[in-house]
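Enquirer: Data: upload-v3.cif, mmCIF, C-alpha atoms.
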data_target
#
loop_
_atom_site.group_PDB
_atom_site.id
_atom_site.type_symbol
_atom_site.label_atom_id
_atom_site.label_comp_id
_atom_site.auth_asym_id
_atom_site.auth_seq_id
_atom_site.Cartn_x
_atom_site.Cartn_y
_atom_site.Cartn_z
ATOM 1 C CA MET A 1285 15.204 18.381 -3.277
ATOM 2 C CA SER A 1286 13.158 19.799 -6.169
ATOM 3 C CA LEU A 1287 10.275 22.243 -5.866
ATOM 4 C CA LEU A 1288 7.914 19.377 -6.716
ATOM 5 C CA ASP A 1289 9.386 17.340 -3.866
ATOM 6 C CA ASP A 1290 8.843 20.307 -1.553
ATOM 7 C CA TYR A 1291 5.175 20.551 -2.462
ATOM 8 C CA ARG A 1292 4.706 16.808 -2.204
ATOM 9 C CA ALA A 1293 6.019 17.099 1.337
ATOM 10 C CA GLU A 1294 3.568 19.960 1.961
ATOM 11 C CA LEU A 1295 0.756 17.758 0.688
ATOM 12 C CA GLN A 1296 1.816 14.837 2.864
ATOM 13 C CA ALA A 1297 1.704 17.091 5.926
ATOM 14 C CA ALA A 1298 -1.699 18.488 4.920
ATOM 15 C CA ASP A 1299 -3.024 14.956 4.411
ATOM 16 C CA ALA A 1300 -1.849 13.962 7.880
ATOM 17 C CA ARG A 1301 -3.549 16.973 9.473
ATOM 18 C CA LEU A 1302 -6.835 16.247 7.721
ATOM 19 C CA ILE A 1303 -6.773 12.542 8.555
ATOM 20 C CA SER A 1304 -6.087 13.385 12.204
ATOM 21 C CA THR A 1305 -9.124 15.675 12.289
ATOM 22 C CA VAL A 1306 -11.396 13.129 10.605
ATOM 23 C CA ALA A 1307 -10.170 10.357 12.917
ATOM 24 C CA ALA A 1308 -11.476 12.337 15.895
ATOM 25 C CA LEU A 1309 -15.034 12.691 14.529
ATOM 26 C CA SER A 1310 -17.853 10.578 15.927
ATOM 27 C CA ASP A 1311 -20.735 9.343 13.789
ATOM 28 C CA GLU A 1312 -22.880 12.192 15.087
ATOM 29 C CA GLU A 1313 -20.180 14.762 14.348
ATOM 30 C CA MET A 1314 -19.752 13.355 10.838
ATOM 31 C CA ARG A 1315 -23.470 13.916 10.213
ATOM 32 C CA ALA A 1316 -23.338 17.498 11.513
ATOM 33 C CA PRO A 1317 -23.373 20.468 9.116
ATOM 34 C CA SER A 1318 -20.081 21.566 7.607
ATOM 35 C CA ALA A 1319 -19.200 25.172 6.810
ATOM 36 C CA LEU A 1320 -20.458 24.594 3.251
ATOM 37 C CA PRO A 1321 -24.170 25.317 2.699
ATOM 38 C CA GLY A 1322 -26.150 22.106 2.265
ATOM 39 C CA TRP A 1323 -23.246 19.800 3.066
ATOM 40 C CA THR A 1324 -22.592 17.768 6.176
ATOM 41 C CA ARG A 1325 -19.067 16.926 7.219
ATOM 42 C CA GLY A 1326 -19.693 13.563 5.609
ATOM 43 C CA HIS A 1327 -20.274 15.284 2.265
ATOM 44 C CA ALA A 1328 -16.973 17.157 2.564
ATOM 45 C CA VAL A 1329 -14.935 14.110 3.615
ATOM 46 C CA THR A 1330 -16.434 11.969 0.855
ATOM 47 C CA HIS A 1331 -15.727 14.689 -1.695
ATOM 48 C CA VAL A 1332 -12.061 14.881 -0.661
ATOM 49 C CA ALA A 1333 -11.735 11.098 -0.983
ATOM 50 C CA ARG A 1334 -13.394 10.984 -4.405
ATOM 51 C CA ASN A 1335 -11.322 13.965 -5.535
ATOM 52 C CA ALA A 1336 -8.175 11.975 -4.777
ATOM 53 C CA ASP A 1337 -9.384 9.148 -6.992
ATOM 54 C CA SER A 1338 -10.361 11.559 -9.764
ATOM 55 C CA LEU A 1339 -6.890 13.085 -9.718
ATOM 56 C CA VAL A 1340 -5.368 9.602 -9.857
ATOM 57 C CA ASN A 1341 -7.088 9.411 -13.253
ATOM 58 C CA LEU A 1342 -5.173 12.488 -14.396
ATOM 59 C CA LEU A 1343 -1.860 11.147 -13.119
ATOM 60 C CA THR A 1344 -2.567 7.877 -14.939
ATOM 61 C CA TRP A 1345 -3.184 9.888 -18.107
ATOM 62 C CA ALA A 1346 0.136 11.671 -17.636
ATOM 63 C CA ARG A 1347 2.035 8.449 -16.966
ATOM 64 C CA THR A 1348 0.561 6.363 -19.794
ATOM 65 C CA GLY A 1349 -0.382 8.951 -22.395
ATOM 66 C CA VAL A 1350 -3.857 7.383 -22.580
ATOM 67 C CA VAL A 1351 -6.607 9.970 -22.119
ATOM 68 C CA THR A 1352 -8.225 9.280 -18.733
ATOM 69 C CA PRO A 1353 -10.684 12.039 -17.777
ATOM 70 C CA GLN A 1354 -10.898 13.237 -14.208
ATOM 71 C CA TYR A 1355 -14.634 12.473 -14.254
ATOM 72 C CA ARG A 1356 -16.730 11.044 -17.060
ATOM 73 C CA ASP A 1357 -19.178 13.917 -16.461
ATOM 74 C CA ALA A 1358 -20.410 16.193 -13.685
ATOM 75 C CA SER A 1359 -22.998 13.659 -12.581
ATOM 76 C CA GLU A 1360 -20.263 11.143 -11.688
ATOM 77 C CA ARG A 1361 -18.754 13.590 -9.199
ATOM 78 C CA ASP A 1362 -22.112 14.333 -7.594
ATOM 79 C CA ALA A 1363 -23.138 10.671 -7.511
ATOM 80 C CA GLY A 1364 -19.956 9.701 -5.701
ATOM 81 C CA ILE A 1365 -20.613 12.250 -2.970
ATOM 82 C CA GLU A 1366 -24.270 11.266 -2.608
ATOM 83 C CA ALA A 1367 -23.390 7.592 -2.367
ATOM 84 C CA GLY A 1368 -20.851 8.073 0.394
ATOM 85 C CA TYR A 1369 -21.712 10.987 2.629
ATOM 86 C CA GLY A 1370 -23.973 9.082 5.024
ATOM 87 C CA ARG A 1371 -21.481 6.382 5.992
ATOM 88 C CA PRO A 1372 -20.296 5.916 9.583
ATOM 89 C CA ALA A 1373 -17.255 7.920 10.628
ATOM 90 C CA LYS A 1374 -15.039 4.824 10.724
ATOM 91 C CA GLU A 1375 -15.832 4.007 7.080
ATOM 92 C CA GLN A 1376 -15.294 7.620 6.058
ATOM 93 C CA LEU A 1377 -11.879 7.630 7.717
ATOM 94 C CA ALA A 1378 -10.832 4.372 6.064
ATOM 95 C CA ASP A 1379 -11.942 5.672 2.667
ATOM 96 C CA LEU A 1380 -10.015 8.906 3.141
ATOM 97 C CA GLU A 1381 -6.874 7.050 4.212
ATOM 98 C CA GLU A 1382 -7.085 4.575 1.331
ATOM 99 C CA SER A 1383 -7.784 7.193 -1.347
ATOM 100 C CA THR A 1384 -4.942 9.336 0.000
ATOM 101 C CA ALA A 1385 -2.632 6.323 -0.277
ATOM 102 C CA ARG A 1386 -3.783 5.658 -3.846
ATOM 103 C CA PHE A 1387 -2.968 9.224 -4.829
ATOM 104 C CA ALA A 1388 0.471 8.969 -3.208
ATOM 105 C CA ALA A 1389 1.128 5.727 -5.091
ATOM 106 C CA ALA A 1390 0.058 7.356 -8.360
ATOM 107 C CA MET A 1391 2.549 10.169 -7.769
ATOM 108 C CA ASP A 1392 5.305 7.659 -7.025
ATOM 109 C CA ALA A 1393 4.560 5.804 -10.273
ATOM 110 C CA ILE A 1394 5.185 8.763 -12.582
ATOM 111 C CA PRO A 1395 8.642 8.859 -14.198
ATOM 112 C CA GLU A 1396 10.371 12.199 -13.827
ATOM 113 C CA GLU A 1397 10.065 12.984 -17.534
ATOM 114 C CA ARG A 1398 6.262 12.560 -17.458
ATOM 115 C CA TRP A 1399 5.600 15.273 -14.868
ATOM 116 C CA ASN A 1400 5.482 17.817 -17.703
ATOM 117 C CA ALA A 1401 2.965 15.789 -19.723
ATOM 118 C CA LEU A 1402 -0.153 17.817 -20.506
ATOM 119 C CA ILE A 1403 -3.547 16.740 -19.187
ATOM 120 C CA SER A 1404 -6.953 18.422 -18.846
ATOM 121 C CA GLY A 1405 -9.103 18.845 -15.756
ATOM 122 C CA THR A 1406 -12.829 19.476 -15.665
ATOM 123 C CA ARG A 1407 -12.277 22.975 -17.091
ATOM 124 C CA PRO A 1408 -9.692 24.444 -19.469
ATOM 125 C CA PRO A 1409 -6.827 25.052 -19.867
ATOM 126 C CA GLU A 1410 -4.511 22.074 -20.249
ATOM 127 C CA HIS A 1411 -1.828 21.946 -17.615
ATOM 128 C CA PRO A 1412 1.255 19.855 -16.782
ATOM 129 C CA ALA A 1413 0.879 16.821 -14.542
ATOM 130 C CA TRP A 1414 2.906 18.449 -11.764
ATOM 131 C CA TYR A 1415 0.088 20.946 -11.234
ATOM 132 C CA VAL A 1416 -2.169 18.070 -10.149
ATOM 133 C CA VAL A 1417 -0.135 17.978 -6.928
ATOM 134 C CA MET A 1418 -0.961 21.636 -6.351
ATOM 135 C CA ARG A 1419 -4.620 21.063 -7.096
ATOM 136 C CA ARG A 1420 -4.724 18.273 -4.537
ATOM 137 C CA LEU A 1421 -3.015 20.431 -1.921
ATOM 138 C CA ARG A 1422 -5.683 23.081 -2.495
ATOM 139 C CA GLU A 1423 -8.501 20.549 -2.074
ATOM 140 C CA VAL A 1424 -7.082 19.187 1.166
ATOM 141 C CA GLU A 1425 -6.347 22.550 2.783
ATOM 142 C CA ILE A 1426 -9.595 24.264 1.809
ATOM 143 C CA HIS A 1427 -11.924 21.394 2.631
ATOM 144 C CA HIS A 1428 -10.153 20.692 5.918
ATOM 145 C CA GLY A 1429 -11.262 24.171 6.931
ATOM 146 C CA ASP A 1430 -14.732 23.501 5.532
ATOM 147 C CA LEU A 1431 -15.302 20.716 8.069
ATOM 148 C CA GLY A 1432 -16.118 23.347 10.668
ATOM 149 C CA THR A 1433 -13.799 21.917 13.301
ATOM 150 C CA GLU A 1434 -10.941 23.788 14.962
ATOM 151 C CA TYR A 1435 -8.933 23.958 11.705
ATOM 152 C CA THR A 1436 -9.750 27.043 9.619
ATOM 153 C CA TRP A 1437 -8.172 29.313 7.032
ATOM 154 C CA ARG A 1438 -6.337 30.927 9.937
ATOM 155 C CA ASP A 1439 -4.368 27.685 10.291
ATOM 156 C CA TRP A 1440 -3.277 27.329 6.657
ATOM 157 C CA PRO A 1441 0.523 27.099 6.438
ATOM 158 C CA ASP A 1442 2.199 30.345 5.405
ATOM 159 C CA ARG A 1443 3.682 28.676 2.342
ATOM 160 C CA TYR A 1444 0.245 27.599 1.162
ATOM 161 C CA VAL A 1445 -1.083 31.143 1.673
ATOM 162 C CA ASP A 1446 1.852 32.545 -0.321
ATOM 163 C CA TRP A 1447 1.169 30.122 -3.173
ATOM 164 C CA GLU A 1448 -2.561 30.885 -3.261
ATOM 165 C CA TRP A 1449 -1.792 34.608 -3.271
ATOM 166 C CA ARG A 1450 0.145 34.076 -6.491
ATOM 167 C CA ASP A 1451 -2.135 31.446 -8.007
ATOM 168 C CA SER A 1452 -5.731 32.260 -7.085
ATOM 169 C CA PRO A 1453 -6.135 35.496 -9.084
ATOM 170 C CA ALA A 1454 -5.436 33.515 -12.268
ATOM 171 C CA LEU A 1455 -8.336 31.149 -11.497
ATOM 172 C CA LEU A 1456 -10.990 33.789 -10.863
ATOM 173 C CA GLY A 1457 -13.692 35.335 -12.983
ATOM 174 C CA GLU A 1458 -14.028 39.101 -13.437
ATOM 175 C CA PRO A 1459 -12.478 40.855 -10.424
ATOM 176 C CA THR A 1460 -14.798 42.707 -8.038
ATOM 177 C CA TYR A 1461 -11.986 44.980 -6.858
ATOM 178 C CA ARG A 1462 -9.590 47.558 -8.271
ATOM 179 C CA SER A 1463 -6.716 46.413 -6.108
ATOM 180 C CA LEU A 1464 -5.856 44.189 -3.160
ATOM 181 C CA THR A 1465 -3.176 45.283 -0.706
ATOM 182 C CA ALA A 1466 -1.787 42.942 1.933
ATOM 183 C CA THR A 1467 -1.359 45.139 4.998
ATOM 184 C CA ASP A 1468 1.184 42.803 6.590
ATOM 185 C CA THR A 1469 3.519 42.460 3.601
ATOM 186 C CA GLY A 1470 2.737 45.418 1.336
ATOM 187 C CA GLU A 1471 2.147 43.108 -1.636
ATOM 188 C CA LYS A 1472 -0.506 44.139 -4.145
ATOM 189 C CA ILE A 1473 -2.754 42.496 -6.726
ATOM 190 C CA GLY A 1474 -4.370 44.557 -9.461
ATOM 191 C CA GLY A 1475 -7.979 44.125 -10.540
ATOM 192 C CA THR A 1476 -10.366 46.145 -12.706
ATOM 193 C CA ASP A 1477 -13.267 48.229 -11.394
ATOM 194 C CA GLY A 1478 -14.335 48.295 -7.780
ATOM 195 C CA PRO A 1479 -12.939 49.224 -4.389
ATOM 196 C CA ASP A 1480 -9.347 49.167 -3.231
ATOM 197 C CA LEU A 1481 -9.348 46.467 -0.563
ATOM 198 C CA GLN A 1482 -6.887 46.072 2.283
ATOM 199 C CA ALA A 1483 -6.415 43.266 4.798
ATOM 200 C CA THR A 1484 -3.722 40.795 5.753
ATOM 201 C CA LYS A 1485 -2.528 38.510 2.986
ATOM 202 C CA ARG A 1486 -4.155 35.523 4.697
ATOM 203 C CA GLU A 1487 -7.508 37.318 4.973
ATOM 204 C CA LEU A 1488 -7.386 38.394 1.332
ATOM 205 C CA VAL A 1489 -6.600 34.866 0.154
ATOM 206 C CA ALA A 1490 -9.422 33.441 2.268
ATOM 207 C CA TRP A 1491 -11.777 36.076 0.835
ATOM 208 C CA LEU A 1492 -10.751 35.331 -2.761
ATOM 209 C CA ILE A 1493 -11.450 31.635 -2.157
ATOM 210 C CA GLY A 1494 -14.801 32.401 -0.543
ATOM 211 C CA ARG A 1495 -13.858 31.277 2.976
ATOM 212 C CA HIS A 1496 -13.823 34.643 4.761
ATOM 213 C CA ALA A 1497 -15.950 37.792 4.540
ATOM 214 C CA PRO A 1498 -14.151 40.831 5.968
ATOM 215 C CA GLY A 1499 -16.483 43.652 6.933
ATOM 216 C CA GLY A 1500 -17.234 46.039 4.082
ATOM 217 C CA PHE A 1501 -15.858 43.765 1.363
ATOM 218 C CA PRO A 1502 -17.928 42.983 -1.745
ATOM 219 C CA ALA A 1503 -18.654 39.426 -2.815
ATOM 220 C CA PRO A 1504 -15.498 37.798 -4.195
ATOM 221 C CA PRO A 1505 -15.143 37.043 -7.902
ATOM 222 C CA PRO A 1506 -16.357 33.662 -9.210
ATOM 223 C CA TRP A 1507 -13.936 30.994 -7.952
ATOM 224 C CA MET A 1508 -12.234 28.271 -9.977
ATOM 225 C CA VAL A 1509 -13.480 29.221 -13.416
ATOM 226 C CA ARG A 1510 -10.293 27.509 -14.644
ATOM 227 C CA SER A 1511 -8.610 24.305 -13.523
ATOM 228 C CA ALA A 1512 -5.198 25.957 -13.734
ATOM 229 C CA PRO A 1513 -3.629 29.300 -14.628
ATOM 230 C CA GLU A 1514 -3.087 30.014 -18.294
ATOM 231 C CA GLY A 1515 0.430 29.569 -19.588
ATOM 232 C CA LEU A 1516 1.608 26.550 -17.605
ATOM 233 C CA ALA A 1517 1.602 24.342 -20.706
#
Would you write out, as structure tokens, the structure that this file holds?

Expert:
Amino acid sequence: MSLLDDYRAELQAADARLISTVAALSDEEMRAPSALPGWTRGHAVTHVARNADSLVNLLTWARTGVVTPQYRDASERDAGIEAGYGRPAKEQLADLEESTARFAAAMDAIPEERWNALISGTRPPEHPAWYVVMRRLREVEIHHGDLGTEYTWRDWPDRYVDWEWRDSPALLGEPTYRSLTATDTGEKIGGTDGPDLQATKRELVAWLIGRHAPGGFPAPPPWMVRSAPEGLA
């Protein structure tokens, strides 16, 4: 089994966890606030569904070689969320299941030699098609926690935390720390100016992503200023 196969399996498991959580939500619970300011759970679920379809566009681009943008523009992303967030829970669940299946089918349709084809997300730099799988895993894991149900960053799989520890610093703006030290593993990440911060690896990853605020920590650096790390192409 290849590394890509491993991460596809990770994504399949993450999808199943999210769908199970959404399936348990009532209409009232779907309308309740999420952990994201200004968003209900319906906003978050709709966003995850529309994100799947937008990433299908990138996989189609990789497979065919025909430029197929993730979104035509920023307004298309926002309009999709606004159009769908108020739907009943049953419709939200069906949409999530169907969009998840479309993304899985798009992955299955890519010949092995096209996984290294270069595509572009909503921000530079270009990256290989295989990184779309990682981007989708990130969306599913983070926004599952954003629903404000029992699943949080504390429940992220260790392998996902390890990957984000390696990947996230390359997606950030100017660091707000001099160093990060994982107290449970001893691993370190260098920054620029600012405090030397210490916490468990999981806490540090959640802080970098903006999903946890340990006491005494500064605000994290700007998140996702790039669609992918430099140098993957």

Enquirer: Centre and edge lengths of an axis-aligned box around all listed atoms of region 1372-1387 of chain A, with 8 Å added on each side, are to be given in Å to one decimal, as lines of an AutoDock Vina configuration file.

Expert:
center_x = -11.5
center_y = 6.7
center_z = 2.9
size_x = 33.7
size_y = 21.3
size_z = 31.6

Enquirer: Would you please work out which residue, of A:Val1489, A:Val1332, A:Ala1358, A:Arg1315, is nearest to Asp1446 (chain A) when using only C-alpha atoms?

Expert: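 Nearest candidate to Asp1446 (chain A) out of A:Val1489, A:Val1332, A:Ala1358, A:Arg1315: A:Val1489.
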
Enquirer: Which one of A:Val1417, A:Asp1442, A:Pro1502, A:Arg1347 sits closest to Arg1292 (chain A) if you count all atoms listed in the file?

Expert: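 Selected residue with least distance to Arg1292 (chain A): A:Val1417.
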
Enquirer: From the options A:Pro1504, A:Leu1421, A:Pro1453, A:Trp1414, which residue's atoms come nearest to Leu1287 (chain A), counting only C-alpha atoms?

Expert: A:Trp1414

Enquirer: Expand the PyMOL selection byres ((chain A and resi 1461) around 12) into the individual residues it matches in the shown file, reporting them as a list in words.

Expert: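 This file, filtered by the PyMOL selection byres ((chain A and resi 1461) around 12), leaves Pro1453, Leu1456, Gly1457, Glu1458, Pro1459, Thr1460, Arg1462, Ser1463, Leu1464, Thr1465, Lys1472, Ile1473, Gly1474, Gly1475, Thr1476, Asp1477, Gly1478, Pro1479, Asp1480, Leu1481, Gln1482, Leu1488, Trp1491, Leu1492, Phe1501, Pro1502, Ala1503, Pro1504 and Pro1505 of chain A.
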
Enquirer: Evaluate the PyMOL selection byres ((chain A and resi 1305-1313) around 9) here and jot the selected residues down as a PyMOL selection string.

Expert: chain A and resi 1300-1304+1314-1317+1325-1326+1329+1371-1374+1376-1377+1380+1428+1431+1433-1435

Enquirer: With only C-alpha atoms as the counted atoms, please give the residues lying no more than 10 Å from region 1366-1368 of chain A, apart from itself and same-chain residues fewer than 4 positions off, as number ranges by chain.

Expert: A: 1326-1327, 1329-1331, 1333-1334, 1360-1362, 1372, 1375-1376, 1379

Enquirer: Include C-alpha atoms and write out the residues we just selected as an mmCIF file, keeping the file's coordinate frame.

Expert:
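Dumped everything to result16.cif:
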data_model
loop_
_atom_site.group_PDB
_atom_site.id
_atom_site.type_symbol
_atom_site.label_atom_id
_atom_site.label_comp_id
_atom_site.auth_asym_id
_atom_site.auth_seq_id
_atom_site.Cartn_x
_atom_site.Cartn_y
_atom_site.Cartn_z
ATOM 1 C CA GLY A 1326 -19.693 13.563 5.609
ATOM 2 C CA HIS A 1327 -20.274 15.284 2.265
ATOM 3 C CA VAL A 1329 -14.935 14.110 3.615
ATOM 4 C CA THR A 1330 -16.434 11.969 0.855
ATOM 5 C CA HIS A 1331 -15.727 14.689 -1.695
ATOM 6 C CA ALA A 1333 -11.735 11.098 -0.983
ATOM 7 C CA ARG A 1334 -13.394 10.984 -4.405
ATOM 8 C CA GLU A 1360 -20.263 11.143 -11.688
ATOM 9 C CA ARG A 1361 -18.754 13.590 -9.199
ATOM 10 C CA ASP A 1362 -22.112 14.333 -7.594
ATOM 11 C CA PRO A 1372 -20.296 5.916 9.583
ATOM 12 C CA GLU A 1375 -15.832 4.007 7.080
ATOM 13 C CA GLN A 1376 -15.294 7.620 6.058
ATOM 14 C CA ASP A 1379 -11.942 5.672 2.667
#

Enquirer: Specify as JSON, numbers by chain each residue included when the PyMOL selection byres ((chain A and resi 1355) around 10) is applied to this file.

Expert: {"A": [1335, 1337, 1338, 1339, 1341, 1342, 1352, 1353, 1354, 1356, 1357, 1358, 1359, 1360, 1361, 1405, 1406]}

Enquirer: Which polymer residues, protein or nucleic acid, are no farther than 10 Å from (0.2, 22.1, -9.5), counting only C-alpha atoms, as a PyMOL selection string?

Expert: chain A and resi 1288+1291+1411-1422+1451+1511-1513+1516

Enquirer: From the options A:Met1391, A:Arg1438, A:Pro1321, A:Ala1298, which residue's atoms come nearest to Leu1343 (chain A), counting only C-alpha atoms?

Expert: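 Of the candidates, the smallest distance to Leu1343 (chain A) is held by A:Met1391.
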
Enquirer: Measure the distance from CA of Trp1323 (chain A) to CA of Ala1336 (chain A) in Å and round it to one decimal.

Expert: 18.7 Å

Enquirer: So which one's closest to Trp1345 (chain A), A:Thr1469, A:Thr1436, A:Ser1286, A:Ser1404? Using only C-alpha atoms, please.

Expert: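 Selected residue with least distance to Trp1345 (chain A): A:Ser1404.
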
Enquirer: Could you add the missing atoms to region 1498-1516 of chain A, up to N, CA and C atoms, and return them as a JSON list (two decimals), in the frame of the given file?

Expert:
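See result-v2.json below for the written result:
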[["chain", "number", "residue", "atom", "x", "y", "z"],
["A", 1498, "PRO", "N", -14.49, 39.66, 5.16],
["A", 1498, "PRO", "CA", -14.15, 40.83, 5.97],
["A", 1498, "PRO", "C", -15.24, 41.90, 5.86],
["A", 1499, "GLY", "N", -15.46, 42.63, 6.93],
["A", 1499, "GLY", "CA", -16.48, 43.65, 6.93],
["A", 1499, "GLY", "C", -16.26, 44.70, 5.86],
["A", 1500, "GLY", "N", -17.31, 45.02, 5.11],
["A", 1500, "GLY", "CA", -17.23, 46.04, 4.08],
["A", 1500, "GLY", "C", -16.73, 45.56, 2.74],
["A", 1501, "PHE", "N", -16.34, 44.30, 2.64],
["A", 1501, "PHE", "CA", -15.86, 43.76, 1.36],
["A", 1501, "PHE", "C", -17.04, 43.36, 0.49],
["A", 1502, "PRO", "N", -16.90, 43.51, -0.84],
["A", 1502, "PRO", "CA", -17.93, 42.98, -1.74],
["A", 1502, "PRO", "C", -17.84, 41.46, -1.82],
["A", 1503, "ALA", "N", -18.76, 40.86, -2.55],
["A", 1503, "ALA", "CA", -18.65, 39.43, -2.82],
["A", 1503, "ALA", "C", -17.40, 39.18, -3.64],
["A", 1504, "PRO", "N", -16.70, 38.08, -3.41],
["A", 1504, "PRO", "CA", -15.50, 37.80, -4.20],
["A", 1504, "PRO", "C", -15.86, 37.43, -5.63],
["A", 1505, "PRO", "N", -14.89, 37.48, -6.53],
["A", 1505, "PRO", "CA", -15.14, 37.04, -7.90],
["A", 1505, "PRO", "C", -15.49, 35.56, -7.95],
["A", 1506, "PRO", "N", -16.11, 35.10, -9.05],
["A", 1506, "PRO", "CA", -16.36, 33.66, -9.21],
["A", 1506, "PRO", "C", -15.05, 32.88, -9.06],
["A", 1507, "TRP", "N", -15.12, 31.77, -8.32],
["A", 1507, "TRP", "CA", -13.94, 30.99, -7.95],
["A", 1507, "TRP", "C", -13.79, 29.77, -8.85],
["A", 1508, "MET", "N", -12.58, 29.46, -9.22],
["A", 1508, "MET", "CA", -12.23, 28.27, -9.98],
["A", 1508, "MET", "C", -12.97, 28.19, -11.32],
["A", 1509, "VAL", "N", -12.92, 29.27, -12.07],
["A", 1509, "VAL", "CA", -13.48, 29.22, -13.42],
["A", 1509, "VAL", "C", -12.51, 28.52, -14.37],
["A", 1510, "ARG", "N", -11.29, 28.27, -13.90],
["A", 1510, "ARG", "CA", -10.29, 27.51, -14.64],
["A", 1510, "ARG", "C", -9.70, 26.45, -13.73],
["A", 1511, "SER", "N", -9.27, 25.34, -14.32],
["A", 1511, "SER", "CA", -8.61, 24.30, -13.52],
["A", 1511, "SER", "C", -7.18, 24.68, -13.15],
["A", 1512, "ALA", "N", -6.59, 25.57, -13.94],
["A", 1512, "ALA", "CA", -5.20, 25.96, -13.73],
["A", 1512, "ALA", "C", -4.98, 27.33, -14.36],
["A", 1513, "PRO", "N", -3.94, 28.04, -13.96],
["A", 1513, "PRO", "CA", -3.63, 29.30, -14.63],
["A", 1513, "PRO", "C", -3.26, 29.07, -16.09],
["A", 1514, "GLU", "N", -3.54, 30.06, -16.90],
["A", 1514, "GLU", "CA", -3.09, 30.01, -18.29],
["A", 1514, "GLU", "C", -1.56, 30.06, -18.33],
["A", 1515, "GLY", "N", -1.00, 29.42, -19.35],
["A", 1515, "GLY", "CA", 0.43, 29.57, -19.59],
["A", 1515, "GLY", "C", 1.33, 28.56, -18.92],
["A", 1516, "LEU", "N", 0.76, 27.58, -18.20],
["A", 1516, "LEU", "CA", 1.61, 26.55, -17.60],
["A", 1516, "LEU", "C", 2.08, 25.54, -18.64]]
